[in-house]
Amino acid sequence: MTQISASDAPSMGRRQFMNLLTFGTITGTALGALYPVVKYFIPPSSGGAGSGVTAKDALGNDVLVSEFVANRKPGDRALSQGLKGDPTYLIVNEESEITSYGLNAICTHLGCVVPWNGSANKFICPCHGSQYNAEGKVVRGPAPLSLALAHAEVSDDKVILTPWTETDFRTGEKPWWT
């Protein structure tokens with residue numbers, strides 16, 4: 001029978017080093033795999049508190065007010081990328097200016113993008129038939145709530161969208177989306 005001497009057994013320092021190396025490798029691989037998943041679920045910040053975001057067109061360019069109103073008639077609505085990246089309608093008013101509010105285009109029933117139907121003068125969801133008036137107030141379900149609002153302000157020929165936290169002018173109630 002052979003005996004194992006103390007010099008034949010690996011030292012605790014070497015064993016600890018190997019454990020640390022193995023743990024570090026596994027942890028690094030797991031974090032590397034989880035990073036894109038976390039970035040997907042946490043949207044990028046849009047600047048300081050209350051700073052708002054600049055509305056973007058379909059190509060990701062800033063919406064320029066001079067070009068936007070020049071190509072549209074009063075009452076026209078066009079989609080832009082708004083708060084949190086959500087599709088948001090910008091509306092041209094009777095003075096050929098952008099209204100002071102934008103409408104989030106996400107249906108409050110199941111999250112479809114609600115298109116504007118100019119001939120019916122309302123937003124009609126293609127999924128389950130919910131309807132919203134020209135100001136985004138729900139007029140026919142199954143959608144339970146009106147479309148969310150955002151402030152639309154013009155600054156340096158660009159549209160800046162900021163969160164709407166005041167009373168909803170369509171219902172006289174607190175906003176449900178804050």
# chains A, B, ... in the order shown; residues from 1 in each chain; ligands from 1
>>> closest_atom_pairs(of="range 108-127 of chain A", to="range 62-82 of chain A", cutoff="12 Å", atoms="only C-alpha atoms", output="Markdown table")
| residue | atom | partner | partner_atom | distance |
| --- | --- | --- | --- | --- |
| A:Val113 | CA | A:Leu79 | CA | 10.1 |
| A:Val114 | CA | A:Leu79 | CA | 10.3 |
| A:Pro115 | CA | A:Leu79 | CA | 9.0 |
| A:Trp116 | CA | A:Arg77 | CA | 7.2 |
| A:Asn117 | CA | A:Arg77 | CA | 9.8 |
| A:Gly118 | CA | A:Asp76 | CA | 8.2 |
| A:Ser119 | CA | A:Asp76 | CA | 11.6 |
| A:Asn121 | CA | A:Gly75 | CA | 9.3 |
| A:Lys122 | CA | A:Arg77 | CA | 10.7 |
| A:Phe123 | CA | A:Arg77 | CA | 10.3 |
>>> select_by_dssp(residues="range 64-156 of chain A", states="alpha helix (DSSP H)", output="VMD selection string")
chain A and resid 65 to 70
>>> write_last_selection(atoms="C-alpha atoms", output="PDB file, in the first residue's frame")
ATOM      1  CA  VAL A  65     -41.785  70.929 -38.115  1.00  0.00           C
ATOM      2  CA  SER A  66     -41.312  73.092 -41.243  1.00  0.00           C
ATOM      3  CA  GLU A  67     -41.195  69.997 -43.467  1.00  0.00           C
ATOM      4  CA  PHE A  68     -43.855  68.128 -41.508  1.00  0.00           C
ATOM      5  CA  VAL A  69     -46.572  70.802 -41.828  1.00  0.00           C
ATOM      6  CA  ALA A  70     -45.590  71.746 -45.401  1.00  0.00           C
TER       7      ALA A  70
END
>>> closest_residue(among="A:Gly13, A:Tyr40, A:Arg170, A:Gly111", to="Val139 in chain A", atoms="only C-alpha atoms")
A:Arg170
>>> residues_around(residues="Asp86 in chain A", least_positions_apart="4", cutoff="12 Å", atoms="only C-alpha atoms", output="number ranges by chain")
A: 43, 53, 55-58, 79-82, 102-107, 111-114, 147-150, 161
>>> closest_residue(among="A:Val154, A:Leu110, A:Ala120, A:Ala33", to="Gly141 in chain A", atoms="only C-alpha atoms")
A:Leu110
>>> atom_distance(atom1="CA of Asn93 in chain A", atom2="CA of Thr54 in chain A")
19.6 Å
>>> select_by_dssp(residues="range 28-153 of chain A", states="strand (DSSP E)", output="PyMOL selection string")
chain A and resi 53-54+77-81+87-91+101-104+116-117+122-124+131-132+138-140+149-153
>>> decode(residues="range 6-147 of chain A", atoms="C-alpha atoms", output="short mmCIF file (atom, residue, chain, number, x, y, z; two decimals), in the first residue's frame")
data_model
loop_
_atom_site.label_atom_id
_atom_site.label_comp_id
_atom_site.auth_asym_id
_atom_site.auth_seq_id
_atom_site.Cartn_x
_atom_site.Cartn_y
_atom_site.Cartn_z
CA ALA A 6 1.58 15.95 2.03
CA SER A 7 3.76 17.04 -0.87
CA ASP A 8 1.75 14.88 -3.34
CA ALA A 9 -1.63 16.44 -2.50
CA PRO A 10 -2.43 19.73 -4.18
CA SER A 11 -2.04 22.70 -1.91
CA MET A 12 -5.11 24.59 -0.80
CA GLY A 13 -3.79 27.65 -2.63
CA ARG A 14 -3.73 25.82 -5.94
CA ARG A 15 -7.19 24.31 -5.35
CA GLN A 16 -8.64 27.70 -4.44
CA PHE A 17 -7.06 29.21 -7.53
CA MET A 18 -8.62 26.54 -9.78
CA ASN A 19 -12.03 27.00 -8.13
CA LEU A 20 -11.77 30.75 -8.59
CA LEU A 21 -10.73 30.35 -12.22
CA THR A 22 -13.64 27.96 -12.92
CA PHE A 23 -16.17 30.19 -11.12
CA GLY A 24 -14.89 33.28 -12.92
CA THR A 25 -15.12 31.62 -16.32
CA ILE A 26 -18.68 30.40 -15.74
CA THR A 27 -19.78 33.76 -14.29
CA GLY A 28 -18.24 35.73 -17.17
CA THR A 29 -19.92 33.51 -19.76
CA ALA A 30 -23.30 33.77 -18.02
CA LEU A 31 -23.09 37.57 -17.71
CA GLY A 32 -22.05 37.87 -21.34
CA ALA A 33 -25.07 35.83 -22.40
CA LEU A 34 -27.50 37.75 -20.15
CA TYR A 35 -26.35 41.26 -21.09
CA PRO A 36 -28.33 41.46 -24.39
CA VAL A 37 -31.42 40.06 -22.67
CA VAL A 38 -31.26 42.72 -19.95
CA LYS A 39 -30.66 45.50 -22.52
CA TYR A 40 -33.73 44.30 -24.44
CA PHE A 41 -36.04 44.62 -21.43
CA ILE A 42 -34.64 47.91 -20.10
CA PRO A 43 -35.10 50.72 -22.65
CA PRO A 44 -32.33 53.29 -23.00
CA SER A 45 -32.83 56.47 -21.01
CA SER A 46 -33.89 59.54 -22.90
CA GLY A 47 -31.92 62.11 -20.95
CA GLY A 48 -32.58 63.93 -17.73
CA ALA A 49 -35.89 63.98 -15.95
CA GLY A 50 -38.50 65.92 -17.86
CA SER A 51 -36.23 66.61 -20.82
CA GLY A 52 -38.44 64.70 -23.26
CA VAL A 53 -37.45 63.09 -26.53
CA THR A 54 -37.24 64.40 -30.05
CA ALA A 55 -39.87 62.80 -32.31
CA LYS A 56 -38.33 60.68 -35.07
CA ASP A 57 -39.68 59.74 -38.49
CA ALA A 58 -39.77 56.24 -40.00
CA LEU A 59 -36.09 56.48 -40.96
CA GLY A 60 -34.99 57.59 -37.49
CA ASN A 61 -34.45 61.24 -38.45
CA ASP A 62 -35.69 64.10 -36.28
CA VAL A 63 -39.13 65.35 -37.32
CA LEU A 64 -38.64 68.88 -38.67
CA VAL A 65 -41.78 70.93 -38.11
CA SER A 66 -41.31 73.09 -41.24
CA GLU A 67 -41.19 70.00 -43.47
CA PHE A 68 -43.85 68.13 -41.51
CA VAL A 69 -46.57 70.80 -41.83
CA ALA A 70 -45.59 71.75 -45.40
CA ASN A 71 -46.46 68.24 -46.61
CA ARG A 72 -49.75 67.90 -44.73
CA LYS A 73 -53.22 69.42 -44.51
CA PRO A 74 -55.03 70.48 -41.33
CA GLY A 75 -56.42 67.42 -39.57
CA ASP A 76 -53.72 65.08 -40.91
CA ARG A 77 -52.12 62.65 -38.51
CA ALA A 78 -48.76 60.99 -39.01
CA LEU A 79 -46.86 58.44 -36.97
CA SER A 80 -43.53 59.24 -35.38
CA GLN A 81 -41.35 57.51 -32.84
CA GLY A 82 -42.22 58.98 -29.47
CA LEU A 83 -41.73 58.36 -25.78
CA LYS A 84 -40.17 54.98 -24.95
CA GLY A 85 -39.95 54.37 -28.70
CA ASP A 86 -43.72 53.96 -28.97
CA PRO A 87 -45.46 55.01 -32.19
CA THR A 88 -47.01 58.41 -31.56
CA TYR A 89 -49.34 60.41 -33.79
CA LEU A 90 -48.46 64.02 -34.48
CA ILE A 91 -51.48 66.05 -35.54
CA VAL A 92 -51.68 69.15 -37.76
CA ASN A 93 -54.28 71.64 -36.47
CA GLU A 94 -56.41 74.17 -38.41
CA GLU A 95 -53.63 76.79 -38.25
CA SER A 96 -51.27 74.33 -40.00
CA GLU A 97 -49.27 73.90 -36.80
CA ILE A 98 -48.59 70.80 -34.74
CA THR A 99 -51.09 70.39 -31.90
CA SER A 100 -49.85 70.68 -28.33
CA TYR A 101 -50.34 66.96 -27.77
CA GLY A 102 -49.43 63.70 -29.46
CA LEU A 103 -51.36 60.43 -29.24
CA ASN A 104 -49.70 57.14 -28.42
CA ALA A 105 -50.84 54.77 -31.18
CA ILE A 106 -50.87 51.62 -29.04
CA CYS A 107 -54.37 50.18 -28.57
CA THR A 108 -55.29 49.85 -24.90
CA HIS A 109 -56.92 46.46 -25.52
CA LEU A 110 -54.13 44.20 -26.78
CA GLY A 111 -51.34 46.55 -27.86
CA CYS A 112 -51.91 46.73 -31.62
CA VAL A 113 -50.87 49.88 -33.50
CA VAL A 114 -54.11 51.73 -34.24
CA PRO A 115 -54.28 53.33 -37.71
CA TRP A 116 -56.08 56.60 -38.43
CA ASN A 117 -59.12 56.19 -40.70
CA GLY A 118 -59.61 59.58 -42.35
CA SER A 119 -62.91 58.69 -44.03
CA ALA A 120 -64.46 57.68 -40.68
CA ASN A 121 -62.61 60.49 -38.82
CA LYS A 122 -61.46 58.10 -36.08
CA PHE A 123 -58.81 55.58 -35.12
CA ILE A 124 -60.00 52.02 -35.74
CA CYS A 125 -58.04 49.06 -34.39
CA PRO A 126 -57.76 46.30 -37.00
CA CYS A 127 -57.46 43.53 -34.38
CA HIS A 128 -60.74 43.64 -32.47
CA GLY A 129 -62.53 46.75 -33.72
CA SER A 130 -61.87 49.21 -30.90
CA GLN A 131 -62.53 52.77 -32.00
CA TYR A 132 -61.18 56.10 -30.77
CA ASN A 133 -62.35 59.59 -31.76
CA ALA A 134 -60.06 62.17 -33.38
CA GLU A 135 -58.62 63.08 -29.95
CA GLY A 136 -57.93 59.44 -29.02
CA LYS A 137 -60.84 58.98 -26.59
CA VAL A 138 -62.26 55.47 -26.69
CA VAL A 139 -65.76 55.47 -28.23
CA ARG A 140 -66.20 51.72 -28.84
CA GLY A 141 -64.62 48.74 -27.09
CA PRO A 142 -63.31 46.25 -26.32
CA ALA A 143 -60.52 48.76 -25.52
CA PRO A 144 -61.05 49.88 -21.91
CA LEU A 145 -59.10 53.16 -22.00
CA SER A 146 -58.36 56.10 -24.26
CA LEU A 147 -55.04 56.42 -26.10
#
